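Colleague: What follows is work_17.pdb, PDB, C-alpha atoms.
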ATOM      1  CA  MET W   1      42.846  -1.659 -11.394
ATOM      2  CA  ARG W   2      41.130   0.782  -9.060
ATOM      3  CA  THR W   3      38.231  -0.405  -6.899
ATOM      4  CA  GLU W   4      35.912   2.199  -8.472
ATOM      5  CA  ASP W   5      36.696   0.907 -11.973
ATOM      6  CA  LEU W   6      36.197  -2.702 -10.952
ATOM      7  CA  PHE W   7      32.866  -1.863  -9.286
ATOM      8  CA  ASP W   8      31.757   0.036 -12.404
ATOM      9  CA  ILE W   9      32.541  -2.964 -14.612
ATOM     10  CA  LEU W  10      30.724  -5.386 -12.301
ATOM     11  CA  VAL W  11      27.668  -3.156 -12.095
ATOM     12  CA  ARG W  12      27.491  -2.815 -15.897
ATOM     13  CA  GLN W  13      27.743  -6.588 -16.244
ATOM     14  CA  HIS W  14      24.966  -7.226 -13.731
ATOM     15  CA  ALA W  15      22.639  -4.214 -14.201
ATOM     16  CA  GLU W  16      20.174  -5.938 -16.547
ATOM     17  CA  MET W  17      20.080  -9.071 -14.385
ATOM     18  CA  LEU W  18      19.476  -6.993 -11.248
ATOM     19  CA  THR W  19      16.695  -5.000 -12.908
ATOM     20  CA  ALA W  20      14.992  -8.163 -14.165
ATOM     21  CA  TYR W  21      15.332  -9.774 -10.739
ATOM     22  CA  LEU W  22      13.809  -6.762  -8.969
ATOM     23  CA  ARG W  23      10.954  -6.613 -11.479
ATOM     24  CA  SER W  24      10.196 -10.264 -10.806
ATOM     25  CA  LEU W  25       9.851  -9.554  -7.087
ATOM     26  CA  ALA W  26       8.231  -6.110  -7.017
ATOM     27  CA  PHE W  27       4.492  -5.728  -7.549
ATOM     28  CA  ASP W  28       4.960  -1.997  -7.981
ATOM     29  CA  GLU W  29       7.021  -1.045 -11.046
ATOM     30  CA  SER W  30       7.710   2.392  -9.562
ATOM     31  CA  LEU W  31       9.739   0.708  -6.833
ATOM     32  CA  VAL W  32      12.193  -0.963  -9.195
ATOM     33  CA  ASP W  33      14.243   2.121 -10.098
ATOM     34  CA  ASP W  34      14.444   3.308  -6.491
ATOM     35  CA  VAL W  35      15.445  -0.121  -5.204
ATOM     36  CA  PHE W  36      17.987  -0.516  -8.030
ATOM     37  CA  GLN W  37      19.670   2.761  -7.096
ATOM     38  CA  GLU W  38      19.617   1.989  -3.375
ATOM     39  CA  THR W  39      21.043  -1.464  -4.050
ATOM     40  CA  LEU W  40      23.995  -0.003  -5.929
ATOM     41  CA  VAL W  41      24.668   2.572  -3.213
ATOM     42  CA  THR W  42      24.518  -0.116  -0.533
ATOM     43  CA  ALA W  43      26.751  -2.433  -2.554
ATOM     44  CA  TRP W  44      29.304   0.355  -2.976
ATOM     45  CA  ARG W  45      29.265   1.139   0.748
ATOM     46  CA  ARG W  46      29.590  -2.543   1.669
ATOM     47  CA  LEU W  47      32.069  -3.493  -1.064
ATOM     48  CA  ASP W  48      34.726  -4.298   1.538
ATOM     49  CA  GLU W  49      32.373  -7.050   2.860
ATOM     50  CA  PHE W  50      32.174  -8.746  -0.552
ATOM     51  CA  ASP W  51      34.054 -12.066  -0.682
ATOM     52  CA  ARG W  52      35.943 -11.877  -3.991
ATOM     53  CA  LYS W  53      36.099 -15.670  -4.143
ATOM     54  CA  ARG W  54      32.346 -15.765  -4.641
ATOM     55  CA  PRO W  55      30.248 -14.515  -7.585
ATOM     56  CA  PHE W  56      29.192 -10.858  -7.557
ATOM     57  CA  GLY W  57      25.664 -11.387  -9.010
ATOM     58  CA  PRO W  58      24.128 -13.357  -6.136
ATOM     59  CA  TRP W  59      25.641 -10.946  -3.606
ATOM     60  CA  LEU W  60      24.174  -7.980  -5.490
ATOM     61  CA  ARG W  61      20.759  -9.695  -5.826
ATOM     62  CA  GLY W  62      20.778 -10.393  -2.079
ATOM     63  CA  ILE W  63      21.280  -6.712  -1.360
ATOM     64  CA  GLY W  64      18.487  -5.888  -3.840
ATOM     65  CA  ARG W  65      16.105  -8.409  -2.263
ATOM     66  CA  ASN W  66      16.785  -7.052   1.241
ATOM     67  CA  THR W  67      16.329  -3.467   0.059
ATOM     68  CA  LEU W  68      13.037  -4.355  -1.612
ATOM     69  CA  LEU W  69      11.795  -6.184   1.500
ATOM     70  CA  ALA W  70      12.680  -3.198   3.693
ATOM     71  CA  LYS W  71      10.744  -0.857   1.393
ATOM     72  CA  ALA W  72       7.758  -3.224   1.303
ATOM     73  CA  ARG W  73       7.688  -3.435   5.098
ATOM     74  CA  ALA W  74       7.869   0.351   5.380
ATOM     75  CA  ARG W  75       5.011   0.786   2.895
ATOM     76  CA  LYS W  76       2.901  -1.801   4.694
ATOM     77  CA  ARG W  77       3.423  -0.033   8.042
ATOM     78  CA  TYR W  78       2.559   3.291   6.424
ATOM     79  CA  SER W  79      -0.536   1.840   4.747
ATOM     80  CA  ALA W  80      -1.718   0.248   8.006
ATOM     81  CA  HIS W  81      -1.148   3.559   9.814
ATOM     82  CA  ILE W  82      -3.218   5.438   7.215
ATOM     83  CA  ASP W  83      -6.026   2.860   7.505
ATOM     84  CA  VAL W  84      -6.128   3.275  11.294
ATOM     85  CA  LEU W  85      -6.196   7.074  11.008
ATOM     86  CA  LEU W  86      -8.983   6.974   8.434
ATOM     87  CA  GLU W  87     -11.073   4.561  10.516
ATOM     88  CA  ARG W  88     -10.558   6.756  13.576
ATOM     89  CA  ARG W  89     -11.585   9.876  11.638
ATOM     90  CA  ILE W  90     -14.747   8.218  10.316
ATOM     91  CA  ALA W  91     -15.623   6.946  13.811
ATOM     92  CA  GLU W  92     -15.216  10.484  15.196
ATOM     93  CA  GLN W  93     -17.425  11.892  12.467
ATOM     94  CA  VAL W  94     -20.104   9.252  13.066
ATOM     95  CA  SER W  95     -19.932   9.988  16.798
ATOM     96  CA  ARG W  96     -20.460  13.701  16.118
ATOM     97  CA  ALA W  97     -23.353  12.898  13.799
ATOM     98  CA  GLU W  98     -24.996  10.747  16.470
ATOM     99  CA  SER W  99     -24.902  13.631  18.917
ATOM    100  CA  ARG W 100     -26.704  16.027  16.540
ATOM    101  CA  SER W 101     -30.339  16.640  17.334
ATOM    102  CA  GLY W 102     -33.065  16.126  14.771
ATOM    103  CA  ASP W 103     -31.499  13.116  13.097
ATOM    104  CA  THR W 104     -32.867   9.698  13.727
ATOM    105  CA  PHE W 105     -30.849   6.534  13.368
ATOM    106  CA  ALA W 106     -33.147   5.405  10.562
ATOM    107  CA  GLU W 107     -32.537   8.640   8.634
ATOM    108  CA  ARG W 108     -28.756   8.314   8.974
ATOM    109  CA  LEU W 109     -28.933   4.666   7.987
ATOM    110  CA  ASN W 110     -30.914   5.565   4.868
ATOM    111  CA  GLU W 111     -28.297   8.189   3.965
ATOM    112  CA  LEU W 112     -25.539   5.618   4.444
ATOM    113  CA  ARG W 113     -27.392   3.061   2.309
ATOM    114  CA  ASP W 114     -27.851   5.674  -0.401
ATOM    115  CA  CYS W 115     -24.126   6.503  -0.339
ATOM    116  CA  VAL W 116     -23.166   2.829  -0.456
ATOM    117  CA  GLY W 117     -25.524   2.400  -3.401
ATOM    118  CA  ARG W 118     -23.746   5.199  -5.262
ATOM    119  CA  LEU W 119     -20.343   3.501  -4.967
ATOM    120  CA  ALA W 120     -18.764   1.825  -7.968
ATOM    121  CA  GLU W 121     -19.503  -1.905  -7.933
ATOM    122  CA  ASP W 122     -15.943  -2.932  -7.001
ATOM    123  CA  HIS W 123     -16.022  -0.462  -4.092
ATOM    124  CA  ARG W 124     -19.434  -1.751  -2.946
ATOM    125  CA  THR W 125     -18.047  -5.295  -3.023
ATOM    126  CA  ALA W 126     -15.065  -4.270  -0.877
ATOM    127  CA  VAL W 127     -17.331  -2.581   1.680
ATOM    128  CA  ASP W 128     -19.699  -5.554   1.682
ATOM    129  CA  LEU W 129     -16.938  -8.120   2.263
ATOM    130  CA  VAL W 130     -15.275  -6.237   5.106
ATOM    131  CA  TYR W 131     -18.101  -4.398   6.867
ATOM    132  CA  LEU W 132     -21.125  -6.590   6.239
ATOM    133  CA  ARG W 133     -19.617 -10.061   5.980
ATOM    134  CA  GLY W 134     -16.839  -9.331   8.491
ATOM    135  CA  LEU W 135     -13.902 -10.654   6.432
ATOM    136  CA  ASP W 136     -10.429  -9.335   7.111
ATOM    137  CA  THR W 137      -8.626  -7.732   4.191
ATOM    138  CA  THR W 138      -6.476 -10.804   3.559
ATOM    139  CA  LYS W 139      -9.502 -13.078   3.158
ATOM    140  CA  ALA W 140     -11.462 -10.453   1.204
ATOM    141  CA  ALA W 141      -8.535 -10.063  -1.199
ATOM    142  CA  GLU W 142      -8.533 -13.824  -1.768
ATOM    143  CA  VAL W 143     -12.284 -13.823  -2.452
ATOM    144  CA  THR W 144     -11.924 -11.060  -5.041
ATOM    145  CA  GLY W 145      -8.772 -12.510  -6.585
ATOM    146  CA  LEU W 146      -6.775  -9.365  -5.833
ATOM    147  CA  THR W 147      -3.511  -8.891  -4.007
ATOM    148  CA  GLU W 148      -3.994  -7.722  -0.445
ATOM    149  CA  GLU W 149      -2.371  -4.372  -1.244
ATOM    150  CA  THR W 150      -4.691  -3.797  -4.213
ATOM    151  CA  PHE W 151      -7.732  -4.749  -2.125
ATOM    152  CA  ARG W 152      -6.666  -2.409   0.704
ATOM    153  CA  LYS W 153      -6.332   0.452  -1.781
ATOM    154  CA  ARG W 154      -9.783  -0.324  -3.181
ATOM    155  CA  LEU W 155     -11.301  -0.375   0.321
ATOM    156  CA  TYR W 156      -9.514   2.865   1.176
ATOM    157  CA  ARG W 157     -10.957   4.554  -1.916
ATOM    158  CA  ALA W 158     -14.409   3.199  -1.089
ATOM    159  CA  ARG W 159     -14.223   4.663   2.416
ATOM    160  CA  LEU W 160     -13.085   8.002   1.008
ATOM    161  CA  ALA W 161     -16.028   8.017  -1.398
ATOM    162  CA  LEU W 162     -18.432   7.104   1.416
ATOM    163  CA  ALA W 163     -17.072   9.831   3.666
ATOM    164  CA  GLU W 164     -17.365  12.391   0.851
ATOM    165  CA  CYS W 165     -20.945  11.345   0.102
ATOM    166  CA  LEU W 166     -21.926  11.471   3.784
ATOM    167  CA  ARG W 167     -20.199  14.837   4.145
ATOM    168  CA  GLY W 168     -22.177  16.116   1.153
ATOM    169  CA  LYS W 169     -25.407  14.987   2.820
ATOM    170  CA  GLY W 170     -24.418  16.721   6.056
ATOM    171  CA  VAL W 171     -24.279  13.445   7.973
ATOM    172  CA  ILE W 172     -20.626  13.972   8.884
ATOM    173  CA  GLU W 173     -18.575  17.139   9.093
ATOM    174  CA  GLY W 174     -15.014  18.052   8.448
ATOM    175  CA  VAL W 175     -12.323  18.409   5.873
ATOM    176  CA  PRO W 176     -12.156  15.741   3.170
ATOM    177  CA  ALA W 177      -9.771  12.909   4.052
TER     178      ALA W 177
END
Show how you would write the structure in this file as structure tokens.

Modeller:
Amino acid sequence: MRTEDLFDILVRQHAEMLTAYLRSLAFDESLVDDVFQETLVTAWRRLDEFDRKRPFGPWLRGIGRNTLLAKARARKRYSAHIDVLLERRIAEQVSRAESRSGDTFAERLNELRDCVGRLAEDHRTAVDLVYLRGLDTTKAAEVTGLTEETFRKRLYRARLALAECLRGKGVIEGVPA
């Protein structure tokens, strides 16, 4: 039997198990199909490394787990990078606003309070936990009962909404984030 045929048979036998396994590990359903495909491509490329005396399923799941972990790490680095860029952009805008004449700190603070008050409650909570209470995102996620990734996304959206509100009030300038 040809190697391609044997691989095809093994993949068909283990496809449902691999999909279920990846779903059990991935928090993001959209990742499962991509990781499944990448796992099969990697398994095909590394088929000569497979020890035929051992079961195929655990070997395939190992490749899937490693592929999923690599994607998660890449997303986390990307997310952290975006957070840093957004914080830097907001800091630059606040710095520009501070240098404008005619605005007092109290006026800007009132505008900020108004914008925070307009946020959805879950966004206000995220801002409160991180910026007023000083919790890091890991601890704030625990307090809210969310995953850290979900909390980071919520905080990101809150900051976008704040920046848009402050931009609308003329407190900060620039292109929407």

Colleague: At a cut-off of 10 Å, using all atoms listed in the file, what residues contact Cys165 in chain W? Leave out same-chain residues fewer than 5 positions from it and give the result as an MDAnalysis selection string.

Modeller: chainID W and resid 111:112 114:116 118:119 159:160 170:172

Colleague: Give me a file of those residues, with C-alpha atoms, as a PDB file, in the frame of the given file.

Modeller:
ATOM      1  CA  GLU W 111     -28.297   8.189   3.965  1.00  0.00           C
ATOM      2  CA  LEU W 112     -25.539   5.618   4.444  1.00  0.00           C
ATOM      3  CA  ASP W 114     -27.851   5.674  -0.401  1.00  0.00           C
ATOM      4  CA  CYS W 115     -24.126   6.503  -0.339  1.00  0.00           C
ATOM      5  CA  VAL W 116     -23.166   2.829  -0.456  1.00  0.00           C
ATOM      6  CA  ARG W 118     -23.746   5.199  -5.262  1.00  0.00           C
ATOM      7  CA  LEU W 119     -20.343   3.501  -4.967  1.00  0.00           C
ATOM      8  CA  ARG W 159     -14.223   4.663   2.416  1.00  0.00           C
ATOM      9  CA  LEU W 160     -13.085   8.002   1.008  1.00  0.00           C
ATOM     10  CA  GLY W 170     -24.418  16.721   6.056  1.00  0.00           C
ATOM     11  CA  VAL W 171     -24.279  13.445   7.973  1.00  0.00           C
ATOM     12  CA  ILE W 172     -20.626  13.972   8.884  1.00  0.00           C
TER      13      ILE W 172
END

Colleague: Determine, counting only C-alpha atoms, which protein, DNA and RNA residues have an atom within 10 Å of an atom of Ala158 in chain W; residues of the same chain fewer than 4 positions away are not included. Present the result as a list in words.

Modeller: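 Result of the neighbour search: Val116, Leu119, Ala120, Glu121, Asp122, His123, Arg124, Thr125, Ala126, Val127, Arg152, Lys153, Arg154, Leu162, Ala163 and Glu164 of chain W.
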
Colleague: For each of W:Leu47, W:Val32, W:Leu60, W:Ala26, take the minimum atom-to-atom distance to His14 in chain W, counting all atoms listed in the file, then give the residue where this is smallest.

Modeller: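 That would be W:Leu60, the residue with the smallest distance to His14 in chain W.
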
Colleague: Apply the PyMOL selection byres ((chain W and resi 7) around 12) to the file shown and report the selected residues as a PDB file with C-alpha atoms, keeping the file's coordinate frame.

Modeller:
ATOM      1  CA  MET W   1      42.846  -1.659 -11.394  1.00  0.00           C
ATOM      2  CA  ARG W   2      41.130   0.782  -9.060  1.00  0.00           C
ATOM      3  CA  THR W   3      38.231  -0.405  -6.899  1.00  0.00           C
ATOM      4  CA  GLU W   4      35.912   2.199  -8.472  1.00  0.00           C
ATOM      5  CA  ASP W   5      36.696   0.907 -11.973  1.00  0.00           C
ATOM      6  CA  LEU W   6      36.197  -2.702 -10.952  1.00  0.00           C
ATOM      7  CA  ASP W   8      31.757   0.036 -12.404  1.00  0.00           C
ATOM      8  CA  ILE W   9      32.541  -2.964 -14.612  1.00  0.00           C
ATOM      9  CA  LEU W  10      30.724  -5.386 -12.301  1.00  0.00           C
ATOM     10  CA  VAL W  11      27.668  -3.156 -12.095  1.00  0.00           C
ATOM     11  CA  ARG W  12      27.491  -2.815 -15.897  1.00  0.00           C
ATOM     12  CA  GLN W  13      27.743  -6.588 -16.244  1.00  0.00           C
ATOM     13  CA  HIS W  14      24.966  -7.226 -13.731  1.00  0.00           C
ATOM     14  CA  ALA W  15      22.639  -4.214 -14.201  1.00  0.00           C
ATOM     15  CA  LEU W  40      23.995  -0.003  -5.929  1.00  0.00           C
ATOM     16  CA  VAL W  41      24.668   2.572  -3.213  1.00  0.00           C
ATOM     17  CA  ALA W  43      26.751  -2.433  -2.554  1.00  0.00           C
ATOM     18  CA  TRP W  44      29.304   0.355  -2.976  1.00  0.00           C
ATOM     19  CA  ARG W  45      29.265   1.139   0.748  1.00  0.00           C
ATOM     20  CA  ARG W  46      29.590  -2.543   1.669  1.00  0.00           C
ATOM     21  CA  LEU W  47      32.069  -3.493  -1.064  1.00  0.00           C
ATOM     22  CA  ASP W  48      34.726  -4.298   1.538  1.00  0.00           C
ATOM     23  CA  PHE W  50      32.174  -8.746  -0.552  1.00  0.00           C
ATOM     24  CA  ARG W  52      35.943 -11.877  -3.991  1.00  0.00           C
ATOM     25  CA  PHE W  56      29.192 -10.858  -7.557  1.00  0.00           C
ATOM     26  CA  GLY W  57      25.664 -11.387  -9.010  1.00  0.00           C
ATOM     27  CA  LEU W  60      24.174  -7.980  -5.490  1.00  0.00           C
TER      28      LEU W  60
END

Colleague: Convert the output of the PyMOL selection byres ((chain W and resi 65) around 9) on the shown file into explicit residues, formatted as a list in words.

Modeller: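 Residues picked by the PyMOL selection byres ((chain W and resi 65) around 9): Tyr21, Leu22, Leu25, Val35, Thr39, Leu60, Arg61, Gly62, Ile63, Gly64, Asn66, Thr67, Leu68, Leu69 and Ala70 of chain W.
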
Colleague: Pick out the residues sitting within 10 Å of Thr144 in chain W, and hand them over as a compact mmCIF listing (two decimals) with C-alpha atoms, keeping the file's coordinate frame; count all atoms listed in the file, and ignore anything fewer than 3 positions along from it in its own chain.

Modeller:
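The new file result.txt reads:
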# COMPACT_ATOMS: atom_id res chain seq x y z
CA ASP W 122 -15.94 -2.93 -7.00
CA THR W 125 -18.05 -5.30 -3.02
CA ALA W 126 -15.06 -4.27 -0.88
CA LEU W 129 -16.94 -8.12 2.26
CA LYS W 139 -9.50 -13.08 3.16
CA ALA W 140 -11.46 -10.45 1.20
CA ALA W 141 -8.54 -10.06 -1.20
CA THR W 147 -3.51 -8.89 -4.01
CA GLU W 148 -3.99 -7.72 -0.44
CA PHE W 151 -7.73 -4.75 -2.12

Colleague: CA of Arg113 in chain W and CA of Leu166 in chain W are how many Å apart?

Modeller: 10.1 Å

Colleague: Expressed in Å to a single decimal, how great is the separation between CA of Glu173 in chain W and CA of Gly134 in chain W?

Modeller: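 Pair CA of Glu173 in chain W / CA of Gly134 in chain W returns 26.5 Å.
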
Colleague: One decimal, in Å: what's the spacing between CA of Tyr131 in chain W and CA of Arg73 in chain W?

Modeller: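 CA of Arg73 in chain W lies 25.9 Å from CA of Tyr131 in chain W.
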
Colleague: How big is the axis-aligned box, and where does its centre sit, when it encloses all atoms of range 141-158 of chain W listed in the file and has 6 Å added on every side, reported in Å to one decimal as AutoDock Vina command-line options?

Modeller:
--center_x -8.4 --center_y -4.6 --center_z -2.7 --size_x 24.0 --size_y 30.4 --size_z 19.8

Colleague: For Asn110 in chain W, which residue out of W:Lys169, W:Ala20, W:Glu29, W:Leu146 is the nearest one, using only C-alpha atoms?

Modeller: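 Closest candidate: W:Lys169.
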